[in-house]
Amino acid sequence: MDQFEFTEHTHRRYNPLTGEWVLVSPHRTKRPWQGKVEKINEGRRPQYEKACYLCPGNDRAGGAKNPAYSSVFVFQNDFSALVPDVPAGSFFKGDLFRAESEKGFCKVICFSPRHDLTIPEMEVADIRKVVDVWCDEYQQIGAMDYINYVQIFENKGDIMGCSNPHPHGQIWAQNSIPVEPAKEMAMQKAYFAKHNRSLLADYLADEEISGERIVASNQHFIALVPFWAVWPYECMVVSRRHVQNICQLNDDEKTALADIYKKVTIMFDNLFEISFPYSAGLHQAPTDGLEHPEWHLHMHFYPPLLRSATVKKFMVGYEMLANPQRDITPEQSAERLRSLPKTHYNAI
Ligand code: H2U
Ligand code: ZN
């Protein structure tokens, strides 16, 4: 038998942030890149769209009207999944039936008044305004006594369920700590208790030595394809300094977060020269009033596309029933992303 090689042999990789595993089958596509792919001519969108419910001055579907906003604009989601006025209550029957009422609320953040822009096409100074709004919202919402967790995220592209191309993100805030951050919290807590150091700080230190999975960086953040990435071009942005939430970032660091958000999404768009779909979001400490020295601020990017504008990775059969699986290795994905032009294809 040959010696075990990541690039040749099927293996499992461990995700220390969640405790889960991913199956990597590199032999299925030894070459990650299969030549030029078809281009989809998306056309340019207008700067203002009369029918858009997020454009300034327009009516929303819920009956409200947007102000003539000129920067970032936040509003209460008209169709919120989480609402504040839910009576406290629970349902228990033996060990097998459990339910609890859940309170919270949802907001929508328009990143820009411009209907035609996306994050990779916005100026860093304007993305910085989005970061500032994230920070204000996290602080204000987090201070509410019944809110223990604030999830800030962006769905981009209709295959990610995004209902409108106008650049926007969402905030869902709630009483309980949801499943994904709860998993990461448990793992970070256990690591911190054992080593008295941040799990992600130690991970970054190792990644910086090899550099093979790093795709972009600046003075305060590193973007990489995690060793345990599930999605073909999954990325994670981690702060170099161990902070628990975005409000602890200083001025330079907030601008650096805006900068790396742009850098990562430019690489994504340049990959297939399309507006690249993804779901992305921040993971930061719960707002439950407790100290969370274990938490290390980071941002996940989960893009579903695999080989072209139309070939998507599906999480089906084996993934649904066993565990996630990928073909190209995270190192191959990182190399591909790194090799892309640093300027958005629309700006060339
Ligand atoms: P996505 O396209 O990322 O799913 O988000 C759009 C959100 O905007 C969605 O949650 C809300 C939807 O409920 N929305 C309003 O609050 N008002 C509207 O007029 C339309 C959409
Ligand atoms: Zn619009």
# chains A, B, ... in the order shown; residues from 1 in each chain; ligands from 1

call {"tool": "residues_near_ligand", "arguments": {"ligand": "ligand 2", "cutoff": "8 Å", "atoms": "only C-alpha atoms and all ligand atoms", "output": "PyMOL selection string"}}
result
chain A and resi 47-56+113-116+164-167

call {"tool": "write_last_selection", "arguments": {"atoms": "N, CA, C and O atoms", "output": "compact mmCIF listing (two decimals), in the first residue's frame"}}
result
# COMPACT_ATOMS: atom_id res chain seq x y z
N GLN A 47 -29.73 51.15 -11.23
CA GLN A 47 -29.38 51.62 -9.89
C GLN A 47 -30.62 51.72 -8.99
O GLN A 47 -30.53 51.62 -7.78
N TYR A 48 -31.75 51.98 -9.64
CA TYR A 48 -33.02 52.05 -8.91
C TYR A 48 -34.04 51.20 -9.67
O TYR A 48 -34.10 51.26 -10.91
N GLU A 49 -34.81 50.39 -8.93
CA GLU A 49 -35.78 49.51 -9.59
C GLU A 49 -37.16 49.78 -8.96
O GLU A 49 -37.36 49.60 -7.76
N LYS A 50 -38.06 50.19 -9.82
CA LYS A 50 -39.39 50.60 -9.35
C LYS A 50 -40.10 49.47 -8.59
O LYS A 50 -40.81 49.69 -7.61
N ALA A 51 -39.88 48.23 -9.07
CA ALA A 51 -40.61 47.10 -8.49
C ALA A 51 -39.92 46.49 -7.27
O ALA A 51 -40.41 45.51 -6.71
N CYS A 52 -38.77 47.05 -6.87
CA CYS A 52 -38.01 46.45 -5.77
C CYS A 52 -38.54 46.93 -4.42
O CYS A 52 -38.61 48.12 -4.16
N TYR A 53 -38.83 45.98 -3.52
CA TYR A 53 -39.37 46.39 -2.22
C TYR A 53 -38.29 46.84 -1.25
O TYR A 53 -38.58 47.21 -0.12
N LEU A 54 -37.02 46.80 -1.70
CA LEU A 54 -35.95 47.29 -0.83
C LEU A 54 -35.37 48.63 -1.28
O LEU A 54 -34.63 49.27 -0.55
N CYS A 55 -35.69 49.07 -2.49
CA CYS A 55 -35.14 50.34 -2.98
C CYS A 55 -35.73 51.53 -2.20
O CYS A 55 -36.85 51.47 -1.70
N PRO A 56 -34.95 52.61 -2.09
CA PRO A 56 -35.41 53.79 -1.34
C PRO A 56 -36.74 54.32 -1.90
O PRO A 56 -36.94 54.36 -3.11
N PRO A 113 -28.33 51.96 -0.88
CA PRO A 113 -29.54 52.36 -1.61
C PRO A 113 -29.49 51.89 -3.07
O PRO A 113 -30.52 51.85 -3.74
N ARG A 114 -28.30 51.55 -3.55
CA ARG A 114 -28.12 51.17 -4.96
C ARG A 114 -28.57 49.74 -5.20
O ARG A 114 -28.01 48.79 -4.66
N HIS A 115 -29.56 49.59 -6.07
CA HIS A 115 -30.11 48.28 -6.40
C HIS A 115 -29.12 47.40 -7.17
O HIS A 115 -29.19 46.18 -7.12
N ASP A 116 -28.18 48.05 -7.88
CA ASP A 116 -27.31 47.31 -8.80
C ASP A 116 -26.04 46.78 -8.14
O ASP A 116 -25.31 46.01 -8.77
N ASN A 164 -34.43 38.71 -3.46
CA ASN A 164 -34.29 39.99 -4.14
C ASN A 164 -32.81 40.31 -4.30
O ASN A 164 -32.06 40.19 -3.34
N PRO A 165 -32.38 40.73 -5.53
CA PRO A 165 -30.95 41.00 -5.72
C PRO A 165 -30.46 42.29 -5.07
O PRO A 165 -29.25 42.52 -4.99
N HIS A 166 -31.36 43.16 -4.61
CA HIS A 166 -30.94 44.38 -3.92
C HIS A 166 -30.03 43.95 -2.75
O HIS A 166 -30.42 43.10 -1.96
N PRO A 167 -28.83 44.55 -2.62
CA PRO A 167 -27.90 44.06 -1.60
C PRO A 167 -28.45 44.21 -0.18
O PRO A 167 -28.72 45.31 0.27

call {"tool": "residues_near_ligand", "arguments": {"ligand": "ligand 1", "cutoff": "8 Å", "atoms": "only C-alpha atoms and all ligand atoms", "output": "count of residues only"}}
result
28

call {"tool": "closest_residue", "arguments": {"among": "A:Glu184, A:Glu331, A:Asp288, A:Glu208", "to": "Gln139 in chain A", "atoms": "only C-alpha atoms"}}
result
A:Asp288

call {"tool": "atom_distance", "arguments": {"atom1": "CA of Ala229 in chain A", "atom2": "CA of Tyr203 in chain A"}}
result
13.9 Å

call {"tool": "atom_distance", "arguments": {"atom1": "CA of Leu337 in chain A", "atom2": "CA of Thr265 in chain A"}}
result
10.4 Å

call {"tool": "closest_residue", "arguments": {"among": "A:Gln188, A:Arg13, A:Gln174, A:Ser210", "to": "Ile141 in chain A", "atoms": "only C-alpha atoms"}}
result
A:Gln174

call {"tool": "residues_around", "arguments": {"residues": "Glu294 in chain A", "least_positions_apart": "5", "cutoff": "7 Å", "atoms": "only C-alpha atoms", "output": "ChimeraX atom specification"}}
result
/A:188-189,192,198

call {"tool": "residues_around", "arguments": {"residues": "range 175-183 of chain A", "least_positions_apart": "6", "cutoff": "9 Å", "atoms": "only C-alpha atoms", "output": "ChimeraX atom specification"}}
result
/A:17-19,102-104,145-150,283-286,288

call {"tool": "write_last_selection", "arguments": {"atoms": "N, CA, C and O atoms", "output": "short mmCIF file (atom, residue, chain, number, x, y, z; two decimals), in the first residue's frame"}}
result
data_model
loop_
_atom_site.label_atom_id
_atom_site.label_comp_id
_atom_site.auth_asym_id
_atom_site.auth_seq_id
_atom_site.Cartn_x
_atom_site.Cartn_y
_atom_site.Cartn_z
N LEU A 17 -14.44 22.84 15.47
CA LEU A 17 -15.40 23.86 15.92
C LEU A 17 -16.77 23.26 16.19
O LEU A 17 -17.56 23.83 16.93
N THR A 18 -17.07 22.14 15.53
CA THR A 18 -18.40 21.53 15.73
C THR A 18 -18.31 20.09 16.25
O THR A 18 -19.31 19.53 16.70
N GLY A 19 -17.14 19.49 16.13
CA GLY A 19 -16.99 18.08 16.53
C GLY A 19 -17.49 17.13 15.45
O GLY A 19 -17.60 15.93 15.69
N GLU A 102 -40.62 30.27 21.81
CA GLU A 102 -39.41 31.01 21.49
C GLU A 102 -39.78 32.44 21.12
O GLU A 102 -40.65 32.66 20.28
N LYS A 103 -39.11 33.39 21.74
CA LYS A 103 -39.35 34.82 21.47
C LYS A 103 -38.17 35.38 20.71
O LYS A 103 -37.04 34.95 20.92
N GLY A 104 -38.41 36.41 19.94
CA GLY A 104 -37.30 37.07 19.26
C GLY A 104 -37.82 38.05 18.24
O GLY A 104 -39.00 38.43 18.28
N ASP A 145 -33.29 42.09 27.46
CA ASP A 145 -33.14 40.99 28.42
C ASP A 145 -33.58 39.64 27.87
O ASP A 145 -33.04 38.61 28.26
N TYR A 146 -34.51 39.61 26.96
CA TYR A 146 -34.96 38.28 26.48
C TYR A 146 -34.20 37.80 25.24
O TYR A 146 -34.50 36.74 24.70
N ILE A 147 -33.21 38.58 24.81
CA ILE A 147 -32.42 38.17 23.64
C ILE A 147 -31.05 37.64 24.11
O ILE A 147 -30.26 38.37 24.68
N ASN A 148 -30.82 36.38 23.83
CA ASN A 148 -29.55 35.77 24.24
C ASN A 148 -28.62 35.46 23.08
O ASN A 148 -27.47 35.08 23.28
N TYR A 149 -29.14 35.60 21.86
CA TYR A 149 -28.28 35.32 20.71
C TYR A 149 -28.73 36.14 19.51
O TYR A 149 -29.93 36.22 19.22
N VAL A 150 -27.75 36.73 18.82
CA VAL A 150 -28.02 37.59 17.66
C VAL A 150 -27.30 37.00 16.45
O VAL A 150 -26.07 36.93 16.43
N HIS A 283 -20.31 34.61 13.42
CA HIS A 283 -20.50 33.83 14.64
C HIS A 283 -19.76 34.56 15.75
O HIS A 283 -18.56 34.81 15.65
N GLN A 284 -20.49 34.94 16.75
CA GLN A 284 -19.90 35.65 17.87
C GLN A 284 -20.60 35.25 19.17
O GLN A 284 -21.58 34.50 19.15
N ALA A 285 -20.09 35.76 20.27
CA ALA A 285 -20.57 35.33 21.59
C ALA A 285 -22.06 35.60 21.78
O ALA A 285 -22.58 36.61 21.28
N PRO A 286 -22.75 34.72 22.49
CA PRO A 286 -24.15 34.97 22.84
C PRO A 286 -24.25 36.25 23.69
O PRO A 286 -23.27 36.67 24.29
N ASP A 288 -26.04 36.63 26.42
CA ASP A 288 -26.80 36.11 27.56
C ASP A 288 -26.33 36.66 28.90
O ASP A 288 -26.70 36.14 29.95
#

call {"tool": "residues_around", "arguments": {"residues": "Ser101 in chain A", "least_positions_apart": "6", "cutoff": "9 Å", "atoms": "only C-alpha atoms", "output": "ChimeraX atom specification"}}
result
/A:86-91

call {"tool": "select_by_dssp", "arguments": {"residues": "range 189-263 of chain A", "states": "helix (DSSP H, G or I)", "output": "CSV table (one decimal) with all heavy atoms, in the first residue's frame"}}
result
chain,number,residue,atom,x,y,z
A,189,LYS,N,-15.5,26.2,24.3
A,189,LYS,CA,-15.4,26.2,25.8
A,189,LYS,C,-14.5,25.1,26.2
A,189,LYS,O,-13.7,25.3,27.1
A,189,LYS,CB,-16.8,25.9,26.3
A,189,LYS,CG,-17.3,27.0,27.2
A,189,LYS,CD,-18.7,26.7,27.8
A,189,LYS,CE,-19.3,27.9,28.3
A,189,LYS,NZ,-20.7,27.8,28.5
A,190,ALA,N,-14.7,23.9,25.7
A,190,ALA,CA,-13.9,22.7,26.1
A,190,ALA,C,-12.4,23.0,25.8
A,190,ALA,O,-11.5,22.7,26.6
A,190,ALA,CB,-14.4,21.5,25.4
A,191,TYR,N,-12.1,23.6,24.6
A,191,TYR,CA,-10.8,23.9,24.2
A,191,TYR,C,-10.1,24.9,25.2
A,191,TYR,O,-9.0,24.8,25.6
A,191,TYR,CB,-10.7,24.3,22.8
A,191,TYR,CG,-9.3,24.4,22.2
A,191,TYR,CD1,-8.7,23.3,21.5
A,191,TYR,CD2,-8.5,25.6,22.4
A,191,TYR,CE1,-7.4,23.4,21.0
A,191,TYR,CE2,-7.2,25.6,21.9
A,191,TYR,CZ,-6.7,24.5,21.2
A,191,TYR,OH,-5.4,24.6,20.8
A,192,PHE,N,-10.9,26.0,25.4
A,192,PHE,CA,-10.4,27.0,26.3
A,192,PHE,C,-10.2,26.5,27.7
A,192,PHE,O,-9.2,26.9,28.3
A,192,PHE,CB,-11.4,28.2,26.3
A,192,PHE,CG,-10.9,29.5,26.8
A,192,PHE,CD1,-10.1,30.3,26.0
A,192,PHE,CD2,-11.1,29.8,28.2
A,192,PHE,CE1,-9.6,31.5,26.5
A,192,PHE,CE2,-10.6,31.0,28.7
A,192,PHE,CZ,-9.8,31.9,27.8
A,193,ALA,N,-11.0,25.7,28.2
A,193,ALA,CA,-10.9,25.1,29.5
A,193,ALA,C,-9.6,24.3,29.6
A,193,ALA,O,-8.9,24.3,30.6
A,193,ALA,CB,-12.1,24.3,29.9
A,194,LYS,N,-9.3,23.6,28.5
A,194,LYS,CA,-8.1,22.7,28.6
A,194,LYS,C,-6.8,23.5,28.4
A,194,LYS,O,-5.8,23.2,29.0
A,194,LYS,CB,-8.3,21.7,27.4
A,194,LYS,CG,-7.2,20.6,27.4
A,194,LYS,CD,-7.6,19.5,26.5
A,194,LYS,CE,-6.4,18.6,26.2
A,194,LYS,NZ,-6.7,17.7,25.1
A,195,HIS,N,-6.8,24.5,27.4
A,195,HIS,CA,-5.6,25.1,27.0
A,195,HIS,C,-5.4,26.6,27.5
A,195,HIS,O,-4.4,27.2,27.3
A,195,HIS,CB,-5.4,25.1,25.5
A,195,HIS,CG,-5.5,23.8,24.9
A,195,HIS,ND1,-4.4,22.9,24.8
A,195,HIS,CD2,-6.5,23.1,24.3
A,195,HIS,CE1,-4.7,21.8,24.2
A,195,HIS,NE2,-6.0,21.9,23.9
A,199,LEU,N,-9.4,28.5,20.6
A,199,LEU,CA,-9.3,27.4,19.6
A,199,LEU,C,-8.9,28.0,18.3
A,199,LEU,O,-8.0,27.5,17.6
A,199,LEU,CB,-10.6,26.6,19.6
A,199,LEU,CG,-10.8,25.4,18.7
A,199,LEU,CD1,-12.0,24.6,19.2
A,199,LEU,CD2,-11.0,25.7,17.2
A,200,LEU,N,-9.6,29.1,17.9
A,200,LEU,CA,-9.4,29.6,16.6
A,200,LEU,C,-8.0,30.4,16.5
A,200,LEU,O,-7.4,30.4,15.4
A,200,LEU,CB,-10.5,30.5,16.1
A,200,LEU,CG,-11.7,29.7,15.6
A,200,LEU,CD1,-12.9,30.7,15.2
A,200,LEU,CD2,-11.4,28.8,14.4
A,201,ALA,N,-7.6,30.9,17.6
A,201,ALA,CA,-6.3,31.6,17.6
A,201,ALA,C,-5.2,30.6,17.4
A,201,ALA,O,-4.3,30.7,16.5
A,201,ALA,CB,-6.0,32.4,18.9
A,202,ASP,N,-5.3,29.4,18.0
A,202,ASP,CA,-4.3,28.4,17.8
A,202,ASP,C,-4.4,27.8,16.4
A,202,ASP,O,-3.4,27.5,15.8
A,202,ASP,CB,-4.6,27.2,18.9
A,202,ASP,CG,-4.0,27.6,20.2
A,202,ASP,OD1,-3.4,28.7,20.4
A,202,ASP,OD2,-4.0,26.7,21.1
A,203,TYR,N,-5.6,27.7,15.9
A,203,TYR,CA,-5.8,27.2,14.5
A,203,TYR,C,-5.2,28.1,13.5
A,203,TYR,O,-4.4,27.7,12.6
A,203,TYR,CB,-7.3,27.0,14.3
A,203,TYR,CG,-7.6,26.6,12.8
A,203,TYR,CD1,-7.1,25.4,12.3
A,203,TYR,CD2,-8.4,27.4,12.0
A,203,TYR,CE1,-7.4,25.0,11.0
A,203,TYR,CE2,-8.6,27.1,10.7
A,203,TYR,CZ,-8.1,25.9,10.2
A,203,TYR,OH,-8.4,25.6,8.9
A,204,LEU,N,-5.4,29.4,13.7
A,204,LEU,CA,-4.8,30.4,12.8
A,204,LEU,C,-3.3,30.4,12.8
A,204,LEU,O,-2.7,30.5,11.8
A,204,LEU,CB,-5.3,31.8,13.2
A,204,LEU,CG,-6.5,32.4,12.7
A,204,LEU,CD1,-6.5,34.0,12.8
A,204,LEU,CD2,-6.7,32.1,11.2
A,205,ALA,N,-2.8,30.2,14.0
A,205,ALA,CA,-1.3,30.2,14.1
A,205,ALA,C,-0.7,29.1,13.3
A,205,ALA,O,0.3,29.3,12.6
A,205,ALA,CB,-0.9,30.1,15.6
A,206,ASP,N,-1.4,27.9,13.3
A,206,ASP,CA,-0.9,26.8,12.5
A,206,ASP,C,-1.1,27.0,11.0
A,206,ASP,O,-0.3,26.7,10.2
A,206,ASP,CB,-1.6,25.5,12.9
A,206,ASP,CG,-0.8,24.7,13.9
A,206,ASP,OD1,0.4,25.0,14.0
A,206,ASP,OD2,-1.4,23.8,14.5
A,207,GLU,N,-2.3,27.6,10.7
A,207,GLU,CA,-2.6,27.8,9.3
A,207,GLU,C,-1.6,28.8,8.7
A,207,GLU,O,-1.2,28.7,7.5
A,207,GLU,CB,-4.0,28.3,9.1
A,207,GLU,CG,-5.1,27.3,9.3
A,207,GLU,CD,-5.1,26.2,8.1
A,207,GLU,OE1,-4.1,26.2,7.3
A,207,GLU,OE2,-6.1,25.5,8.0
A,208,GLU,N,-1.1,29.8,9.5
A,208,GLU,CA,-0.2,30.8,9.0
A,208,GLU,C,1.2,30.2,8.7
A,208,GLU,O,1.9,30.7,7.8
A,208,GLU,CB,-0.1,31.9,10.0
A,208,GLU,CG,-1.2,32.9,9.8
A,208,GLU,CD,-0.8,34.3,10.5
A,208,GLU,OE1,-0.8,34.3,11.7
A,208,GLU,OE2,-0.5,35.2,9.7
A,209,ILE,N,1.5,29.1,9.4
A,209,ILE,CA,2.8,28.5,9.1
A,209,ILE,C,2.8,27.9,7.7
A,209,ILE,O,3.7,28.1,6.9
A,209,ILE,CB,3.2,27.5,10.2
A,209,ILE,CG1,3.4,28.2,11.5
A,209,ILE,CG2,4.4,26.7,9.8
A,209,ILE,CD1,3.4,27.3,12.8
A,210,SER,N,1.8,27.1,7.4
A,210,SER,CA,1.8,26.4,6.1
A,210,SER,C,1.3,27.4,5.0
A,210,SER,O,1.8,27.4,3.9
A,210,SER,CB,0.9,25.2,6.1
A,210,SER,OG,-0.4,25.5,6.0
A,246,ILE,N,-18.1,41.7,17.4
A,246,ILE,CA,-17.6,42.8,16.6
A,246,ILE,C,-17.5,44.1,17.3
A,246,ILE,O,-16.8,45.0,16.9
A,246,ILE,CB,-18.6,43.1,15.3
A,246,ILE,CG1,-20.0,42.8,15.7
A,246,ILE,CG2,-18.1,42.3,14.1
A,246,ILE,CD1,-20.9,43.3,14.6
A,247,CYS,N,-18.3,44.3,18.4
A,247,CYS,CA,-18.2,45.6,19.1
A,247,CYS,C,-16.8,45.8,19.8
A,247,CYS,O,-16.5,46.9,20.1
A,247,CYS,CB,-19.3,45.7,20.1
A,247,CYS,SG,-20.9,45.5,19.3
A,248,GLN,N,-16.1,44.7,20.0
A,248,GLN,CA,-14.8,44.8,20.6
A,248,GLN,C,-13.7,45.2,19.6
A,248,GLN,O,-12.6,45.4,19.9
A,248,GLN,CB,-14.4,43.5,21.3
A,248,GLN,CG,-15.3,43.2,22.5
A,248,GLN,CD,-15.1,41.8,23.0
A,248,GLN,OE1,-14.6,40.9,22.4
A,248,GLN,NE2,-15.7,41.5,24.2
A,251,ASP,N,-11.4,50.7,15.5
A,251,ASP,CA,-11.7,51.3,14.3
A,251,ASP,C,-11.1,50.7,13.1
A,251,ASP,O,-11.7,50.3,12.1
A,251,ASP,CB,-11.4,52.8,14.4
A,251,ASP,CG,-12.0,53.7,13.3
A,251,ASP,OD1,-13.2,53.6,13.2
A,251,ASP,OD2,-11.2,54.3,12.6
A,252,ASP,N,-9.8,50.5,13.2
A,252,ASP,CA,-9.0,49.9,12.1
A,252,ASP,C,-9.5,48.5,11.8
A,252,ASP,O,-9.5,48.0,10.6
A,252,ASP,CB,-7.5,49.8,12.5
A,252,ASP,CG,-6.8,51.1,12.3
A,252,ASP,OD1,-7.4,52.0,11.8
A,252,ASP,OD2,-5.6,51.2,12.8
A,253,GLU,N,-9.8,47.7,12.9
A,253,GLU,CA,-10.2,46.3,12.7
A,253,GLU,C,-11.6,46.3,12.0
A,253,GLU,O,-11.8,45.4,11.2
A,253,GLU,CB,-10.3,45.6,14.0
A,253,GLU,CG,-8.9,45.4,14.6
A,253,GLU,CD,-8.9,44.9,16.1
A,253,GLU,OE1,-9.8,45.4,16.9
A,253,GLU,OE2,-8.0,44.1,16.5
A,254,LYS,N,-12.5,47.2,12.3
A,254,LYS,CA,-13.8,47.2,11.6
A,254,LYS,C,-13.6,47.5,10.1
A,254,LYS,O,-14.3,46.9,9.3
A,254,LYS,CB,-14.7,48.3,12.3
A,254,LYS,CG,-15.2,47.8,13.6
A,254,LYS,CD,-16.1,48.9,14.2
A,254,LYS,CE,-16.4,48.6,15.7
A,254,LYS,NZ,-16.9,49.7,16.4
A,255,THR,N,-12.7,48.4,9.8
A,255,THR,CA,-12.5,48.7,8.4
A,255,THR,C,-11.8,47.4,7.7
A,255,THR,O,-12.1,47.1,6.6
A,255,THR,CB,-11.5,49.9,8.2
A,255,THR,OG1,-12.2,51.0,8.9
A,255,THR,CG2,-11.3,50.2,6.8
A,256,ALA,N,-11.0,46.8,8.5
A,256,ALA,CA,-10.3,45.6,8.0
A,256,ALA,C,-11.3,44.4,7.7
A,256,ALA,O,-11.2,43.6,6.8
A,256,ALA,CB,-9.2,45.1,8.9
A,257,LEU,N,-12.4,44.4,8.6
A,257,LEU,CA,-13.4,43.4,8.4
A,257,LEU,C,-14.2,43.7,7.1
A,257,LEU,O,-14.4,42.8,6.2
A,257,LEU,CB,-14.4,43.3,9.6
A,257,LEU,CG,-15.6,42.4,9.4
A,257,LEU,CD1,-15.2,40.9,9.2
A,257,LEU,CD2,-16.4,42.5,10.7
A,258,ALA,N,-14.5,45.0,6.8
A,258,ALA,CA,-15.1,45.4,5.6
A,258,ALA,C,-14.2,45.0,4.4
A,258,ALA,O,-14.7,44.5,3.4
A,258,ALA,CB,-15.4,46.9,5.6
A,259,ASP,N,-12.9,45.2,4.5
A,259,ASP,CA,-12.0,45.0,3.5
A,259,ASP,C,-11.9,43.5,3.1
A,259,ASP,O,-11.9,43.1,1.9
A,259,ASP,CB,-10.6,45.5,3.9
A,259,ASP,CG,-9.5,45.1,2.9
A,259,ASP,OD1,-9.5,45.6,1.8
A,259,ASP,OD2,-8.6,44.2,3.3
A,260,ILE,N,-11.9,42.6,4.1
A,260,ILE,CA,-11.8,41.2,3.9
A,260,ILE,C,-13.1,40.6,3.3
A,260,ILE,O,-13.1,39.7,2.5
A,260,ILE,CB,-11.2,40.4,5.1
A,260,ILE,CG1,-10.6,39.1,4.6
A,260,ILE,CG2,-12.3,40.2,6.1
A,260,ILE,CD1,-9.2,39.0,4.9
A,261,TYR,N,-14.2,41.2,3.7
A,261,TYR,CA,-15.5,40.8,3.2
A,261,TYR,C,-15.5,41.1,1.7
A,261,TYR,O,-16.0,40.2,0.9
A,261,TYR,CB,-16.6,41.7,3.9
A,261,TYR,CG,-18.0,41.3,3.8
A,261,TYR,CD1,-18.5,40.1,3.2
A,261,TYR,CD2,-19.0,42.1,4.4
A,261,TYR,CE1,-19.8,39.8,3.2
A,261,TYR,CE2,-20.4,41.8,4.3
A,261,TYR,CZ,-20.8,40.7,3.7
A,261,TYR,OH,-22.1,40.4,3.7
A,262,LYS,N,-15.0,42.2,1.3
A,262,LYS,CA,-14.9,42.5,-0.1
A,262,LYS,C,-13.9,41.6,-0.8
A,262,LYS,O,-14.2,41.1,-1.9
A,262,LYS,CB,-14.5,44.0,-0.3
A,262,LYS,CG,-14.4,44.5,-1.7
A,262,LYS,CD,-14.1,46.0,-1.8
A,262,LYS,CE,-13.7,46.4,-3.2
A,262,LYS,NZ,-14.9,46.8,-4.0
A,263,LYS,N,-12.8,41.4,-0.2
A,263,LYS,CA,-11.8,40.5,-0.9
A,263,LYS,C,-12.3,39.1,-1.2
A,263,LYS,O,-12.1,38.6,-2.2
A,263,LYS,CB,-10.5,40.5,0.0
A,263,LYS,CG,-9.6,41.7,0.0
A,263,LYS,CD,-8.2,41.4,0.5
A,263,LYS,CE,-7.3,42.5,0.2
A,263,LYS,NZ,-6.9,43.3,1.4

call {"tool": "closest_residue", "arguments": {"among": "A:Met160, A:Met122, A:Ile266, A:Leu23", "to": "Tyr345 in chain A", "atoms": "only C-alpha atoms"}}
result
A:Ile266

call {"tool": "closest_residue", "arguments": {"among": "A:Pro226, A:Pro232, A:Gly57, A:Pro330", "to": "Val311 in chain A", "atoms": "only C-alpha atoms"}}
result
A:Pro232

call {"tool": "select_by_dssp", "arguments": {"residues": "range 148-315 of chain A", "states": "strand (DSSP E)", "output": "VMD selection string"}}
result
chain A and resid 149 to 156 168 to 174 214 to 217 221 to 224 235 to 239 278 to 283 298 to 302

call {"tool": "write_last_selection", "arguments": {"atoms": "C-alpha atoms", "output": "PDB file, in the first residue's frame"}}
result
ATOM      1  CA  TYR A 149     -28.277  35.320  20.710  1.00  0.00           C
ATOM      2  CA  VAL A 150     -28.020  37.588  17.663  1.00  0.00           C
ATOM      3  CA  GLN A 151     -27.452  35.988  14.258  1.00  0.00           C
ATOM      4  CA  ILE A 152     -26.281  38.365  11.520  1.00  0.00           C
ATOM      5  CA  PHE A 153     -26.202  36.874   8.010  1.00  0.00           C
ATOM      6  CA  GLU A 154     -26.543  37.385   4.287  1.00  0.00           C
ATOM      7  CA  ASN A 155     -28.199  35.138   1.710  1.00  0.00           C
ATOM      8  CA  LYS A 156     -27.043  35.989  -1.770  1.00  0.00           C
ATOM      9  CA  HIS A 168     -29.183  43.137   1.838  1.00  0.00           C
ATOM     10  CA  GLY A 169     -28.688  40.945   4.849  1.00  0.00           C
ATOM     11  CA  GLN A 170     -30.691  39.929   7.871  1.00  0.00           C
ATOM     12  CA  ILE A 171     -30.589  39.714  11.634  1.00  0.00           C
ATOM     13  CA  TRP A 172     -32.492  37.120  13.576  1.00  0.00           C
ATOM     14  CA  ALA A 173     -32.334  37.513  17.345  1.00  0.00           C
ATOM     15  CA  GLN A 174     -33.794  35.156  19.894  1.00  0.00           C
ATOM     16  CA  ILE A 214      -5.135  30.944   3.261  1.00  0.00           C
ATOM     17  CA  VAL A 215      -6.862  32.813   0.428  1.00  0.00           C
ATOM     18  CA  ALA A 216      -6.710  36.455   1.564  1.00  0.00           C
ATOM     19  CA  SER A 217      -5.574  38.496   4.526  1.00  0.00           C
ATOM     20  CA  PHE A 221      -8.158  39.291   9.494  1.00  0.00           C
ATOM     21  CA  ILE A 222      -7.325  36.055   7.715  1.00  0.00           C
ATOM     22  CA  ALA A 223      -9.599  34.356   5.186  1.00  0.00           C
ATOM     23  CA  LEU A 224      -9.041  30.673   4.546  1.00  0.00           C
ATOM     24  CA  CYS A 235     -14.301  30.120   3.472  1.00  0.00           C
ATOM     25  CA  MET A 236     -13.904  31.334   7.005  1.00  0.00           C
ATOM     26  CA  VAL A 237     -12.743  34.800   8.038  1.00  0.00           C
ATOM     27  CA  VAL A 238     -11.135  34.945  11.488  1.00  0.00           C
ATOM     28  CA  SER A 239      -9.936  37.975  13.452  1.00  0.00           C
ATOM     29  CA  TYR A 278     -23.547  32.130  -0.906  1.00  0.00           C
ATOM     30  CA  SER A 279     -24.876  32.273   2.598  1.00  0.00           C
ATOM     31  CA  ALA A 280     -22.526  34.036   4.964  1.00  0.00           C
ATOM     32  CA  GLY A 281     -22.754  35.160   8.544  1.00  0.00           C
ATOM     33  CA  LEU A 282     -21.011  36.138  11.725  1.00  0.00           C
ATOM     34  CA  HIS A 283     -20.496  33.834  14.640  1.00  0.00           C
ATOM     35  CA  HIS A 298     -15.390  34.721  12.862  1.00  0.00           C
ATOM     36  CA  MET A 299     -17.455  34.743   9.716  1.00  0.00           C
ATOM     37  CA  HIS A 300     -18.470  31.730   7.611  1.00  0.00           C
ATOM     38  CA  PHE A 301     -19.092  31.755   3.872  1.00  0.00           C
ATOM     39  CA  TYR A 302     -21.001  28.773   2.506  1.00  0.00           C
TER      40      TYR A 302
END
